[in-house]
Each structure stands twice: as structure tokens, then as C-alpha cells.
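K.L.:
First the structure, then my questions, so here it is.
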Amino acid sequence: MTEKKELTCIKCPRGCGILVETEQGRIVSISGNQCKNGKEYAEKEVTAPTRVLTTTVKVLSGTEKVVAVKSKEEIPKEKLLPAMEQIKEITVEAPVILGETILEDLCGTGIPLVATACVTRKRDKTI
Ligand code: SF4
């Protein structure tokens, strides 16, 4: 029996609607994509979906209380929630530099979590 899955390609702002037909878990047709990137996206989305995770991490002694972070590469979609649980437990000390590795191995994926912003250190109060 053929199963149909409708997707919206997220690889560029056009947002093409893509229809993927599968039979017993095997892709038999992909239509609606306007380019090969869309085909690749659809294949991956049906077989092994991945996403870049973006969130924030708590900062101590910083001019901001949190710093924006992201996974350096896409991680398996099923790892997003466990990764968020892991990130909730992290606190970094200011200063934080753009691109700095916050975590070497995000949730066993081998992919680092990196800062996407800077946070400077709060000046100590002087009397
Ligand atoms: S299929 Fe190609 S043109 Fe359409 S949204 Fe995806 S990347 Fe963009």
C-alpha cells in the first residue's frame, strides 16, 4: 500500500510543497520540489530527519543572563528534546565569545553546542 506524506521544504524561502510517496518504508516518488535540494530534503525528512537546535544557555556574572547557542550542525530530530534537557542543566561563566564551544558533545551526537552571541563580564562594583 502506498503512503503519502506532504512536506513543506524549509531549504529556502520559496517553501515548496513536496509530496513523498512510500511503499513499505521505501520512497517510490517525490514531486513538487523545484530543485535537487528539495529532493534531498524530502528524502532525509522521511528517512532520518535532522534539525539545527537553537536555544539559550544561562550565564553567570554576565551583562546578559543568557547567551544564544546552536548545535554546530543538524542533529537527529529525536535528539532535540533530550538535548534541551541536557542544555537546561548548563551554566557558563562570562565572558562568552561568539563561536565558543559551550559543550563538546551534544546529547551523544558528537556535535558541539556553540555560542552565537557574545556576553561580556559584568564589571565588579567599586567603592
Ligand atoms: S524545493 Fe528547492 S526551490 Fe523549493 S523550497 Fe526547497 S530548496 Fe527552495
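Residue numbering restarts at 1 in every chain; chains get A, B, ... in the order shown in the C-alpha cells, and ligands count up from 1 in that same order.
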So which residues touch stretch 83-92 of chain A within 6 Å, counting only C-alpha atoms, skipping near sequence neighbours fewer than 2 positions away, as JSON, numbers by chain?

P.N.:
{"A": [58, 59, 79, 80, 81, 107]}

K.L.:
What lies within 12 Å of stretch 19-31 of chain A using only C-alpha atoms, ignoring chain neighbours under 3 positions off, as number ranges by chain?

P.N.:
A: 1-9, 16, 34-36, 38-48

K.L.:
For A:Val114, which residue out of A:Thr101, A:Ser61, A:Thr56, A:Asn33 is the nearest one, using only C-alpha atoms?

P.N.:
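Ranking A:Thr101, A:Ser61, A:Thr56, A:Asn33 by distance to A:Val114, first place goes to A:Thr101.
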
K.L.:
Can you list, as a ChimeraX atom specification, all residues belonging to chain A that DSSP tags as strand (DSSP E or B)?

P.N.:
/A:2-8,17-23,26-31,50-51,54-60,62,66-71,75-76,91-93,96,101-103,113-115,119,121

K.L.:
Which value, in Å to one decimal, gives the distance between atom CA of A:Lys72 and atom CA of A:Gly17?

P.N.:
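Separation between atom CA of A:Lys72 and atom CA of A:Gly17: 27.4 Å.
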
K.L.:
Considering only C-alpha atoms, return as a VMD selection string whatever protein or nucleic-acid residues lie within 9 Å of A:Glu73, sequence-local ones (same chain, fewer than 5 positions apart) excluded.

P.N.:
chain A and resid 51 to 53 111 to 113

K.L.:
Write the residues you've just listed into a file as a short mmCIF file (atom, residue, chain, number, x, y, z; two decimals), in the first residue's frame, and include C-alpha atoms for each of them.

P.N.:
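This went into part33.cif:
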```cif
data_model
loop_
_atom_site.label_atom_id
_atom_site.label_comp_id
_atom_site.auth_asym_id
_atom_site.auth_seq_id
_atom_site.Cartn_x
_atom_site.Cartn_y
_atom_site.Cartn_z
CA ARG A 51 17.44 19.90 12.66
CA VAL A 52 19.80 22.58 13.92
CA LEU A 53 18.91 23.18 17.56
CA ILE A 111 28.19 17.55 17.57
CA PRO A 112 29.21 20.58 19.64
CA LEU A 113 26.96 23.29 21.01
#
```

K.L.:
List the spatial neighbours of A:Ala68 as a JSON list (two decimals) with C-alpha atoms, in the first residue's frame - criterion: any atom at most 7 Å away, only C-alpha atoms, same-chain residues fewer than 5 positions off excluded.

P.N.:
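Once everything was written out, this is result_31.json:
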```json
[["chain", "number", "residue", "atom", "x", "y", "z"],
["A", 55, "THR", "CA", 18.23, 27.90, 22.23],
["A", 56, "THR", "CA", 19.91, 29.77, 25.10],
["A", 57, "VAL", "CA", 22.22, 28.86, 27.99],
["A", 115, "ALA", "CA", 27.61, 30.32, 21.25],
["A", 116, "THR", "CA", 26.03, 32.51, 18.58],
["A", 117, "ALA", "CA", 26.47, 35.73, 20.53]]
```

K.L.:
Quick one: distance from atom CA of A:Thr50 to atom 3 (S, counted along the ligand's line) of ligand 1 in Å, one decimal?

P.N.:
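Computing the Euclidean distance for atom CA of A:Thr50 and atom 3 (S, counted along the ligand's line) of ligand 1 yields 19.1 Å.
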
K.L.:
Skipping near chain neighbours, those fewer than 6 positions away, what residues fall within 7 Å of A:Cys118 using only C-alpha atoms, listed as an MDAnalysis selection string?

P.N.:
chainID A and resid 96:98

K.L.:
By how many Å are atom CA of A:Leu60 and atom CA of A:Leu106 apart?

P.N.:
20.9 Å

K.L.:
Determine the nearest neighbour of A:Arg123 from the options A:Gly32, A:Pro76, A:Pro95, A:Lys11, counting only C-alpha atoms.

P.N.:
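Using only C-alpha atoms, the shortest distance to A:Arg123 belongs to A:Pro95.
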
K.L.:
Using only C-alpha atoms, which residues sit within 10 Å of A:Gly110 once same-chain residues fewer than 6 positions away are excluded, as an mmCIF file with N, CA and C atoms, in the first residue's frame?

P.N.:
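Generated output (part22.cif):
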```cif
data_model
loop_
_atom_site.group_PDB
_atom_site.id
_atom_site.type_symbol
_atom_site.label_atom_id
_atom_site.label_comp_id
_atom_site.auth_asym_id
_atom_site.auth_seq_id
_atom_site.Cartn_x
_atom_site.Cartn_y
_atom_site.Cartn_z
ATOM 1 N N GLU A 73 25.996 21.640 13.892
ATOM 2 C CA GLU A 73 25.409 21.003 12.706
ATOM 3 C C GLU A 73 24.019 20.510 13.083
ATOM 4 N N ILE A 75 21.229 17.930 14.116
ATOM 5 C CA ILE A 75 21.233 16.701 14.924
ATOM 6 C C ILE A 75 19.945 15.931 14.635
ATOM 7 N N LEU A 103 29.584 23.147 24.742
ATOM 8 C CA LEU A 103 29.502 21.719 25.063
ATOM 9 C C LEU A 103 30.120 20.957 23.891
ATOM 10 N N GLU A 104 31.029 20.025 24.173
ATOM 11 C CA GLU A 104 31.736 19.308 23.096
ATOM 12 C C GLU A 104 30.828 18.318 22.362
#
```

K.L.:
Between A:Glu93, A:Glu78, A:Asp105, A:Glu100, which residue has the minimum interatomic distance to A:Lys122, considering only C-alpha atoms?

P.N.:
A:Glu93

K.L.:
Using only C-alpha atoms for the distances, tell me which of A:Pro13, A:Pro49, A:Ala94, A:Thr109 is nearest to A:Lys65.

P.N.:
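The closest residue to A:Lys65 is A:Ala94.
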